[in-house]
>>> print(open('protein12.txt').read())   # compact mmCIF, C-alpha atoms
# COMPACT_ATOMS: atom_id res chain seq x y z
CA MET A 855 7.25 -48.11 -12.25
CA ALA A 856 7.56 -51.28 -10.29
CA GLU A 857 9.56 -53.75 -12.21
CA ILE A 858 8.47 -57.32 -12.06
CA ASN A 859 11.22 -59.53 -10.99
CA THR A 860 10.81 -62.51 -13.20
CA GLY A 861 13.36 -64.51 -11.27
CA GLY A 862 14.65 -67.78 -12.40
CA GLY A 863 17.53 -66.19 -14.20
CA ASP A 864 21.08 -67.39 -14.16
CA LYS A 865 20.40 -70.72 -15.66
CA GLY A 866 23.85 -72.01 -15.96
CA GLY A 867 26.44 -70.00 -17.73
CA LYS A 868 28.73 -67.45 -16.19
CA LYS A 869 27.65 -65.27 -13.35
CA ARG A 870 27.23 -61.85 -14.90
CA SER A 871 27.55 -58.67 -12.91
CA LYS A 872 24.16 -57.01 -12.90
CA LYS A 873 23.99 -54.10 -15.30
CA MET A 874 22.61 -51.04 -13.55
CA SER A 875 20.25 -48.91 -15.52
CA THR A 876 21.51 -45.38 -16.02
CA LYS A 877 18.00 -44.01 -16.41
CA VAL A 878 16.73 -42.06 -13.47
CA ASP A 879 13.05 -41.60 -12.92
CA MET A 880 12.69 -37.84 -13.08
CA THR A 881 8.96 -37.61 -12.45
CA PRO A 882 9.18 -36.44 -8.81
CA MET A 883 11.86 -33.93 -9.68
CA VAL A 884 9.77 -32.42 -12.45
CA ASP A 885 6.76 -32.37 -10.15
CA LEU A 886 8.70 -30.45 -7.57
CA ALA A 887 10.16 -28.05 -10.11
CA PHE A 888 6.73 -27.17 -11.47
CA LEU A 889 5.32 -26.78 -8.01
CA LEU A 890 8.01 -24.25 -7.19
CA ILE A 891 7.52 -22.45 -10.50
CA THR A 892 3.83 -22.11 -9.76
CA PHE A 893 4.58 -20.77 -6.31
CA PHE A 894 7.05 -18.17 -7.49
CA MET A 895 4.86 -17.05 -10.37
CA LEU A 896 1.90 -16.49 -8.11
CA ALA A 897 3.94 -14.96 -5.33
CA THR A 898 5.46 -12.36 -7.65
CA THR A 899 2.27 -11.32 -9.40
CA LEU A 900 -0.25 -11.52 -6.58
CA THR A 901 1.53 -9.17 -4.22
CA LYS A 902 1.19 -6.22 -6.60
CA GLN A 903 -0.76 -3.44 -5.04
CA GLN A 904 -2.88 -0.74 -6.54
CA LYS A 905 -2.78 2.97 -6.02
CA PHE A 906 -4.88 5.93 -6.83
CA ASP A 907 -3.79 9.49 -7.18
CA PHE A 908 -5.13 12.08 -4.89
CA ALA A 909 -4.66 15.81 -4.81
CA VAL A 910 -5.34 18.38 -2.12
CA PRO A 911 -5.80 22.06 -2.87
CA PRO A 912 -3.13 24.43 -1.59
CA ASP A 913 -4.02 26.39 1.52
CA VAL A 914 -5.27 29.85 0.73
CA LYS A 915 -4.14 32.57 3.07
CA ASP A 916 -6.91 34.97 2.28
CA GLN A 917 -10.54 33.95 2.52
CA LYS A 918 -11.24 36.20 -0.47
CA ASP A 919 -9.06 33.97 -2.67
CA GLN A 920 -11.34 31.06 -1.96
CA PRO A 921 -13.49 30.40 -5.03
CA GLU A 922 -17.12 31.17 -4.41
CA LEU A 923 -19.06 28.01 -3.80
CA LYS A 924 -22.73 27.96 -4.53
CA ALA A 925 -24.16 26.51 -1.37
CA SER A 926 -26.96 24.59 -3.01
CA ASN A 927 -24.49 22.82 -5.30
CA ALA A 928 -22.46 21.54 -2.44
CA ILE A 929 -22.97 18.57 -0.21
CA THR A 930 -20.99 18.27 2.97
CA LEU A 931 -20.01 14.85 4.24
CA ILE A 932 -18.75 14.53 7.77
CA LEU A 933 -16.94 11.30 8.57
CA GLY A 934 -17.47 10.33 12.14
CA LYS A 935 -16.74 7.63 14.63
CA ASP A 936 -17.62 3.97 14.00
CA ASP A 937 -17.96 4.31 10.22
CA ALA A 938 -20.78 6.81 10.41
CA VAL A 939 -21.29 9.45 7.72
CA TYR A 940 -23.23 12.62 8.33
CA TRP A 941 -24.32 14.78 5.46
CA TYR A 942 -26.08 18.03 4.94
CA VAL A 943 -27.01 20.36 2.13
CA MET A 944 -27.42 24.05 2.65
CA ASN A 945 -30.95 25.16 1.78
CA GLN A 946 -31.70 28.45 0.09
CA ASP A 947 -32.76 30.08 3.36
CA GLY A 948 -29.52 29.09 5.07
CA THR A 949 -30.95 26.22 7.07
CA THR A 950 -29.56 22.73 6.88
CA ASP A 951 -31.07 19.30 7.18
CA PHE A 952 -28.70 17.05 9.01
CA HIS A 953 -28.70 13.33 8.25
CA LYS A 954 -26.82 10.33 9.48
CA THR A 955 -26.07 7.42 7.19
CA ASP A 956 -23.44 4.72 6.61
CA PHE A 957 -21.17 3.31 3.94
CA SER A 958 -23.64 0.76 2.64
CA GLU A 959 -25.08 0.80 -0.86
CA ASP A 960 -28.37 2.31 0.29
CA GLY A 961 -26.55 4.75 2.48
CA ILE A 962 -24.09 7.25 1.18
CA ARG A 963 -24.12 5.99 -2.40
CA ALA A 964 -27.86 6.44 -2.74
CA THR A 965 -27.57 9.93 -1.28
CA LEU A 966 -24.80 10.91 -3.66
CA ILE A 967 -26.62 9.52 -6.70
CA GLU A 968 -29.69 11.49 -5.70
CA ARG A 969 -27.71 14.70 -5.25
CA LYS A 970 -25.95 14.15 -8.54
CA LYS A 971 -29.30 13.82 -10.29
CA ALA A 972 -30.62 16.95 -8.60
CA VAL A 973 -27.61 19.18 -9.17
CA GLY A 974 -25.87 17.70 -12.19
CA LYS A 975 -22.19 17.85 -12.85
CA ASN A 976 -21.66 21.00 -10.81
CA LEU A 977 -21.97 19.00 -7.63
CA ASN A 978 -19.25 19.82 -5.16
CA VAL A 979 -18.48 17.45 -2.36
CA VAL A 980 -16.86 18.75 0.78
CA ILE A 981 -15.36 15.99 2.88
CA LYS A 982 -14.79 16.75 6.53
CA PRO A 983 -13.24 13.89 8.46
CA MET A 984 -13.51 14.21 12.21
CA LYS A 985 -10.63 13.36 14.48
CA ASP A 986 -11.99 9.96 15.46
CA SER A 987 -12.70 8.75 11.94
CA LYS A 988 -10.53 6.13 10.31
CA TYR A 989 -8.25 6.38 7.32
CA LYS A 990 -10.34 3.69 5.66
CA ASN A 991 -13.41 5.94 5.80
CA LEU A 992 -11.66 8.62 3.78
CA VAL A 993 -10.42 6.17 1.16
CA ASP A 994 -13.89 4.67 0.91
CA ILE A 995 -15.52 8.04 0.36
CA ILE A 996 -13.01 9.15 -2.28
CA ASP A 997 -13.40 5.80 -3.96
CA GLU A 998 -17.17 6.20 -3.90
CA LEU A 999 -16.88 9.58 -5.59
CA GLY A 1000 -14.62 8.01 -8.18
CA ILE A 1001 -17.15 5.28 -8.89
CA LEU A 1002 -19.92 7.83 -9.32
CA GLY A 1003 -17.74 10.10 -11.43
CA ILE A 1004 -17.92 13.11 -9.15
CA GLY A 1005 -14.71 14.99 -9.74
CA LYS A 1006 -15.13 18.04 -7.56
CA GLN A 1007 -14.14 17.37 -4.02
CA ALA A 1008 -12.46 19.20 -1.22
CA LEU A 1009 -10.89 17.86 1.94
CA VAL A 1010 -11.44 20.16 4.89
CA ASP A 1011 -11.06 19.66 8.61
CA ALA A 1012 -14.28 19.52 10.59
CA THR A 1013 -15.19 22.82 12.20
CA PRO A 1014 -16.44 23.12 15.81
CA ASN A 1015 -19.86 23.87 14.33
CA ASP A 1016 -19.85 20.52 12.48
CA ILE A 1017 -18.81 18.67 15.60
CA GLN A 1018 -21.69 20.28 17.48
CA LEU A 1019 -24.14 19.22 14.78
CA VAL A 1020 -22.86 15.64 14.94
CA GLN A 1021 -23.16 15.57 18.70
CA ALA A 1022 -26.68 16.96 18.54
CA GLU A 1023 -27.64 14.33 15.96
CA ASN A 1024 -26.24 11.51 18.08
CA ALA A 1025 -27.97 12.86 21.19
CA SER A 1026 -31.33 12.99 19.43
CA VAL A 1027 -31.04 9.35 18.36
CA ASN A 1028 -30.22 8.05 21.81
CA MET B 1290 0.39 -71.19 -35.04
CA SER B 1291 1.13 -68.52 -32.59
CA LYS B 1292 -0.46 -65.14 -32.85
CA VAL B 1293 1.57 -62.15 -33.88
CA LYS B 1294 2.32 -60.24 -30.74
CA ALA B 1295 1.61 -56.54 -30.72
CA LYS B 1296 4.78 -54.69 -30.04
CA ARG B 1297 4.77 -53.36 -26.51
CA GLN B 1298 5.38 -49.63 -26.35
CA SER B 1299 7.45 -48.32 -23.54
CA ILE B 1300 5.47 -45.89 -21.41
CA SER B 1301 8.41 -44.19 -19.78
CA LEU B 1302 9.17 -40.83 -21.35
CA ASP B 1303 12.45 -39.07 -21.45
CA MET B 1304 11.84 -36.20 -19.10
CA THR B 1305 15.28 -34.67 -19.23
CA ALA B 1306 14.26 -31.87 -21.55
CA MET B 1307 11.17 -31.02 -19.56
CA CYS B 1308 13.15 -31.03 -16.36
CA ASP B 1309 15.74 -28.72 -17.88
CA MET B 1310 13.07 -26.29 -18.92
CA ALA B 1311 11.29 -26.42 -15.59
CA PHE B 1312 14.43 -25.61 -13.70
CA LEU B 1313 15.35 -22.86 -16.13
CA LEU B 1314 12.01 -21.19 -15.50
CA LEU B 1315 12.33 -21.78 -11.79
CA THR B 1316 15.72 -20.09 -11.74
CA PHE B 1317 14.31 -17.17 -13.67
CA PHE B 1318 11.41 -16.69 -11.28
CA ILE B 1319 13.57 -17.02 -8.20
CA LEU B 1320 16.00 -14.43 -9.50
CA THR B 1321 13.36 -11.94 -10.59
CA ALA B 1322 11.26 -12.31 -7.45
CA LYS B 1323 11.90 -9.39 -5.16
CA MET B 1324 12.54 -10.49 -1.65
CA LYS B 1325 10.01 -9.08 0.70
CA VAL B 1326 11.88 -7.15 3.31
CA PRO B 1327 10.40 -7.68 6.74
CA GLU B 1328 8.68 -4.48 7.73
CA PRO B 1329 8.62 -3.19 11.28
CA ALA B 1330 4.82 -3.10 11.23
CA GLN B 1331 1.98 -4.73 9.36
CA PHE B 1332 -0.19 -2.65 7.08
CA ASP B 1333 -3.64 -3.82 6.14
CA VAL B 1334 -4.48 -1.39 3.35
CA PRO B 1335 -8.04 -0.33 2.50
CA SER B 1336 -9.54 -1.43 -0.80
CA SER B 1337 -10.56 0.67 -3.77
CA VAL B 1338 -11.71 0.05 -7.34
CA SER B 1339 -8.59 1.66 -8.79
CA THR B 1340 -6.65 -0.66 -11.08
CA GLU B 1341 -3.58 1.51 -11.46
CA LYS B 1342 -0.50 -0.48 -10.55
CA TYR B 1343 1.56 0.66 -7.63
CA GLU B 1344 5.23 0.66 -8.53
CA GLU B 1345 8.08 1.64 -6.31
CA LYS B 1346 9.98 3.73 -8.79
CA ASP B 1347 11.28 7.15 -7.86
CA LEU B 1348 9.12 7.37 -4.82
CA ILE B 1349 9.22 7.44 -1.10
CA ARG B 1350 6.41 5.94 0.88
CA ILE B 1351 4.92 7.21 4.08
CA SER B 1352 3.17 4.46 5.98
CA ILE B 1353 0.77 4.82 8.86
CA SER B 1354 0.40 1.76 11.03
CA LYS B 1355 -2.67 0.58 12.87
CA ASP B 1356 -1.38 2.09 16.11
CA ASP B 1357 -0.79 5.46 14.43
CA ARG B 1358 2.96 5.35 14.01
CA ILE B 1359 4.47 6.92 10.92
CA PHE B 1360 7.13 5.06 8.94
CA LEU B 1361 9.19 6.15 6.00
CA THR B 1362 10.15 3.71 3.26
CA ILE B 1363 12.76 4.54 0.66
CA PRO B 1364 12.84 1.61 -1.79
CA ASP B 1365 15.76 2.92 -3.84
CA GLN B 1366 19.14 2.22 -2.27
CA ILE B 1367 20.92 5.00 -4.16
CA LEU B 1368 18.34 7.48 -2.98
CA ARG B 1369 18.84 6.27 0.60
CA ARG B 1370 22.55 6.93 0.26
CA GLU B 1371 22.00 10.43 -1.09
CA MET B 1372 19.37 11.20 1.49
CA ILE B 1373 21.39 10.19 4.53
CA ASP B 1374 24.35 12.22 3.27
CA ALA B 1375 22.19 15.28 2.79
CA TYR B 1376 20.28 14.73 6.01
CA SER B 1377 23.34 14.33 8.22
CA ASN B 1378 24.89 17.41 6.61
CA THR B 1379 21.82 19.52 7.26
CA PHE B 1380 21.45 18.49 10.87
CA LYS B 1381 25.17 18.00 11.62
CA LEU B 1382 24.71 14.44 12.83
CA ASN B 1383 28.35 13.37 12.36
CA LEU B 1384 27.40 9.87 11.33
CA SER B 1385 30.23 7.42 10.83
CA PRO B 1386 30.58 5.69 7.43
CA LYS B 1387 29.41 2.51 9.14
CA GLN B 1388 26.21 4.15 10.35
CA LYS B 1389 25.54 5.55 6.89
CA GLU B 1390 26.05 2.11 5.44
CA THR B 1391 23.53 0.70 7.88
CA PHE B 1392 21.03 3.34 6.83
CA GLU B 1393 21.61 2.38 3.22
CA LEU B 1394 20.43 -1.11 4.05
CA THR B 1395 17.41 0.04 6.04
CA GLU B 1396 14.46 0.28 3.73
CA THR B 1397 11.87 1.25 6.30
CA PHE B 1398 12.28 3.09 9.55
CA GLY B 1399 10.00 4.91 11.92
CA MET B 1400 11.69 6.79 14.73
CA GLN B 1401 12.80 10.21 15.73
CA ARG B 1402 16.23 11.52 14.89
CA SER B 1403 17.91 10.86 18.24
CA ASP B 1404 16.67 7.26 18.21
CA LEU B 1405 17.80 6.83 14.61
CA ILE B 1406 21.40 7.69 15.46
CA SER B 1407 21.58 5.09 18.21
CA TYR B 1408 19.62 2.62 16.06
CA LEU B 1409 22.21 2.87 13.31
CA ALA B 1410 25.02 2.18 15.77
CA GLN B 1411 23.48 -1.11 16.95
CA SER B 1412 24.22 -4.60 15.73
CA ASP B 1413 21.82 -6.44 13.42
CA ALA B 1414 20.25 -8.47 16.20
CA VAL B 1415 19.53 -5.45 18.38
CA ARG B 1416 18.14 -3.47 15.45
CA LYS B 1417 15.52 -6.09 14.74
CA LYS B 1418 14.06 -5.61 18.19
CA PHE B 1419 14.59 -1.88 18.39
CA PRO B 1420 11.39 -0.13 19.44
CA GLN B 1421 10.20 2.13 16.63
CA SER B 1422 7.95 4.82 17.96
CA GLY B 1423 7.19 6.47 14.61
CA ILE B 1424 8.46 9.62 12.96
CA PRO B 1425 7.08 12.70 14.70
CA ALA B 1426 4.92 14.85 12.43
CA ASP B 1427 3.18 17.20 14.81
CA SER B 1428 3.56 20.95 14.65
CA THR B 1429 6.15 21.21 17.42
CA ASN B 1430 8.54 18.62 16.05
CA ASN B 1431 7.87 17.92 12.42
CA GLU B 1432 10.65 15.55 11.43
CA LEU B 1433 8.57 14.01 8.67
CA GLU B 1434 8.61 17.33 6.87
CA GLN B 1435 12.41 17.44 7.15
CA TRP B 1436 12.69 13.99 5.60
CA ILE B 1437 10.40 14.98 2.75
CA ALA B 1438 12.42 18.14 2.21
CA THR B 1439 15.62 16.07 2.12
CA ALA B 1440 14.16 13.67 -0.44
CA LYS B 1441 12.91 16.52 -2.62
CA GLY B 1442 16.28 18.22 -2.27
CA VAL B 1443 18.35 15.32 -3.55
CA ARG B 1444 15.83 14.14 -6.12
CA PRO B 1445 13.28 16.79 -7.12
CA LYS B 1446 11.11 14.45 -9.18
CA VAL B 1447 10.50 12.01 -6.34
CA THR B 1448 6.83 11.23 -5.77
CA ILE B 1449 5.07 10.43 -2.54
CA ALA B 1450 2.87 7.46 -1.80
CA ILE B 1451 0.90 7.07 1.38
CA LYS B 1452 0.15 3.60 2.65
CA GLY B 1453 -2.17 3.66 5.58
CA ASP B 1454 -3.61 0.83 7.58
CA LYS B 1455 -7.36 0.93 7.27
CA ASP B 1456 -7.79 1.31 11.00
CA ALA B 1457 -5.28 4.11 11.30
CA ASN B 1458 -6.71 7.26 12.76
CA TYR B 1459 -7.51 10.12 10.40
CA THR B 1460 -5.62 12.56 12.62
CA LYS B 1461 -2.27 11.04 11.63
CA PHE B 1462 -3.21 11.16 7.98
CA GLY B 1463 -4.09 14.82 8.44
CA GLU B 1464 -0.65 15.44 9.95
CA VAL B 1465 1.03 13.74 6.99
CA ILE B 1466 -0.96 15.84 4.52
CA ALA B 1467 -0.13 19.00 6.45
CA ALA B 1468 3.58 18.12 6.28
CA LEU B 1469 3.32 17.51 2.54
CA LYS B 1470 1.46 20.77 2.02
CA LYS B 1471 4.22 22.65 3.82
CA ARG B 1472 6.68 21.28 1.26
CA ARG B 1473 4.28 22.33 -1.53
CA ILE B 1474 3.39 18.79 -2.46
CA TYR B 1475 -0.28 18.65 -3.31
CA GLU B 1476 -0.39 15.44 -5.30
CA PHE B 1477 0.37 12.00 -4.03
CA SER B 1478 -0.92 8.48 -4.37
CA LEU B 1479 -2.67 6.29 -1.87
CA VAL B 1480 -1.83 2.60 -1.81
CA THR B 1481 -4.87 0.35 -1.84
CA SER B 1482 -5.82 -3.22 -2.56
CA LEU B 1483 -8.21 -4.14 -5.33
CA GLU B 1484 -11.93 -4.49 -4.84
CA ASN B 1485 -14.60 -5.18 -7.42
CA LYS B 1486 -16.42 -2.29 -8.97
CA PRO B 1487 -20.13 -2.36 -8.18
CA THR B 1488 -22.14 -3.21 -11.27
CA ASN B 1489 -25.63 -2.17 -10.22
CA LEU B 1490 -25.32 1.57 -10.59
>>> encode(input="protein12.txt", output="structure tokens")
Amino acid sequence: MAEINTGGGDKGGKKRSKKMSTKVDMTPMVDLAFLLITFFMLATTLTKQQKFDFAVPPDVKDQKDQPELKASNAITLILGKDDAVYWYVMNQDGTTDFHKTDFSEDGIRATLIERKKAVGKNLNVVIKPMKDSKYKNLVDIIDELGILGIGKQALVDATPNDIQLVQAENASVN
Amino acid sequence: MSKVKAKRQSISLDMTAMCDMAFLLLTFFILTAKMKVPEPAQFDVPSSVSTEKYEEKDLIRISISKDDRIFLTIPDQILRREMIDAYSNTFKLNLSPKQKETFELTETFGMQRSDLISYLAQSDAVRKKFPQSGIPADSTNNELEQWIATAKGVRPKVTIAIKGDKDANYTKFGEVIAALKKRRIYEFSLVTSLENKPTNL
């Protein structure tokens, strides 16, 4: 890049006007151009977001129209405050065991895998988000069901009975 | 005897062609890049393992912000035009052509109808700072449902996407779903960011 000035020119003879080189060093310009290309390429492709499709069943006016759900095939997940998940399965004699768990791998995923093994592909999952749960919790749970390949799910609002069960569970822990 | 000198090769390359190509590509990327329109709120979306691409074609998006405000985004300008015409007809808003034009350029908004009318009459600078309190979607004043009905009315095949902040409250999401159900829309997509699928199943 740096040209060595040899000096000592102009030995006699006419004084010539210095000839300017018409060549421009384009290295920095190319550098800059490629930097910007890289930026725009990444900026356009990296901002793409994903989606997943979700469907809710239509409201049924008559309780009789509701398809019969075999209680032992169903697991109910209640999404609560502070990323807590409560779940219960109806036993044959109508009693329920109420459990509290979380979104970790050993938490809700282990439970769902276990239920899936016990019941098979007829497993129905009823999701009941409570009022103080977060949107993220719902997406996480649906995503979890997708990962485990459980297709049957229903989104229902939490009933007063569920809220009572959650409160009782929290009270017993404290 | 003097040695034969090796011919010195010039190390400077002619970069004109490379430069031309670089700028051509740069121009292409700049032109195809879609400018990100500043949104009135930030949305930090939850992650999922879904790899389906989210594309804003023939859809309207309902966004729920962290502080539980509901926004409506209509990415298609032609649809915005059709919607505001239909909407102001239905509710007899008597919007001026200027106000309609402003709506056409507003991709995202989140306010009730009375605020929207005054919002559209403001200058650019005022609009940027206009407080957006969210579109009401509760049972007493369900304006979100009216917007959805308008969109479905002018373009029946429009689909709905919901983009919620991960810390948004479920209650708002429930309201949005209730509004969609009222308009007999049972299928929609949720916008998420990508996360890795667990391998140890």
>>> interface_residues(input="protein12.txt", of="chain A", to="chain B", cutoff="6 Å", atoms="all atoms listed in the file", output="number ranges by chain")
A: 884, 887, 891, 894, 898, 903-910, 985, 987-990, 997
>>> residues_around(input="protein12.txt", residues="Gln1388 of chain B", least_positions_apart="6", cutoff="8 Å", atoms="all atoms listed in the file", output="list in words")
Ile1406, Leu1409 and Ala1410 of chain B
>>> residues_around(input="protein12.txt", residues="Arg963 of chain A", least_positions_apart="6", cutoff="10 Å", atoms="all atoms listed in the file", output="list in words")
Thr955, Asp956, Phe957, Arg969, Ile995, Glu998, Leu999, Ile1001 and Leu1002 of chain A; Leu1490 of chain B
>>> residues_around(input="protein12.txt", residues="Arg1472 of chain B", least_positions_apart="6", cutoff="8 Å", atoms="only C-alpha atoms", output="mmCIF file with C-alpha atoms, in the coordinates of the input")
data_model
loop_
_atom_site.group_PDB
_atom_site.id
_atom_site.type_symbol
_atom_site.label_atom_id
_atom_site.label_comp_id
_atom_site.auth_asym_id
_atom_site.auth_seq_id
_atom_site.Cartn_x
_atom_site.Cartn_y
_atom_site.Cartn_z
ATOM 1 C CA GLU B 1434 8.610 17.330 6.870
ATOM 2 C CA ILE B 1437 10.400 14.980 2.750
ATOM 3 C CA ALA B 1438 12.420 18.140 2.210
#
>>> closest_residue(input="protein12.txt", among="B:Ala1306, B:Ile1351, B:Ile1367, B:Ile1449", to="Lys1389 of chain B", atoms="all atoms listed in the file")
B:Ile1367
>>> residues_around(input="protein12.txt", residues="Asp1016 of chain A", least_positions_apart="4", cutoff="9 Å", atoms="only C-alpha atoms", output="PyMOL selection string")
chain A and resi 932+982+984+1012+1020-1021
>>> atom_distance(input="protein12.txt", atom1="atom CA of Gly1399 of chain B", atom2="atom CA of Gln1421 of chain B")
5.5 Å
>>> residues_around(input="protein12.txt", residues="Lys970 of chain A", least_positions_apart="5", cutoff="12 Å", atoms="only C-alpha atoms", output="list in words")
Ser926, Asn927, Ala928, Ile929, Arg963, Ala964, Thr965, Lys975, Asn976, Leu977, Asn978, Val979, Leu999, Leu1002, Gly1003, Ile1004, Gly1005 and Lys1006 of chain A
>>> atom_distance(input="protein12.txt", atom1="atom CA of Asp1333 of chain B", atom2="atom CA of Thr1362 of chain B")
16.0 Å
>>> atom_distance(input="protein12.txt", atom1="atom CA of Tyr1376 of chain B", atom2="atom CA of Pro911 of chain A")
28.5 Å
>>> axis_aligned_box(input="protein12.txt", around="segment 1331-1337 of chain B", padding_each_side="3 Å", output="lines of an AutoDock Vina configuration file")
center_x = -4.3
center_y = -2.0
center_z = 2.8
size_x = 18.5
size_y = 11.4
size_z = 19.1
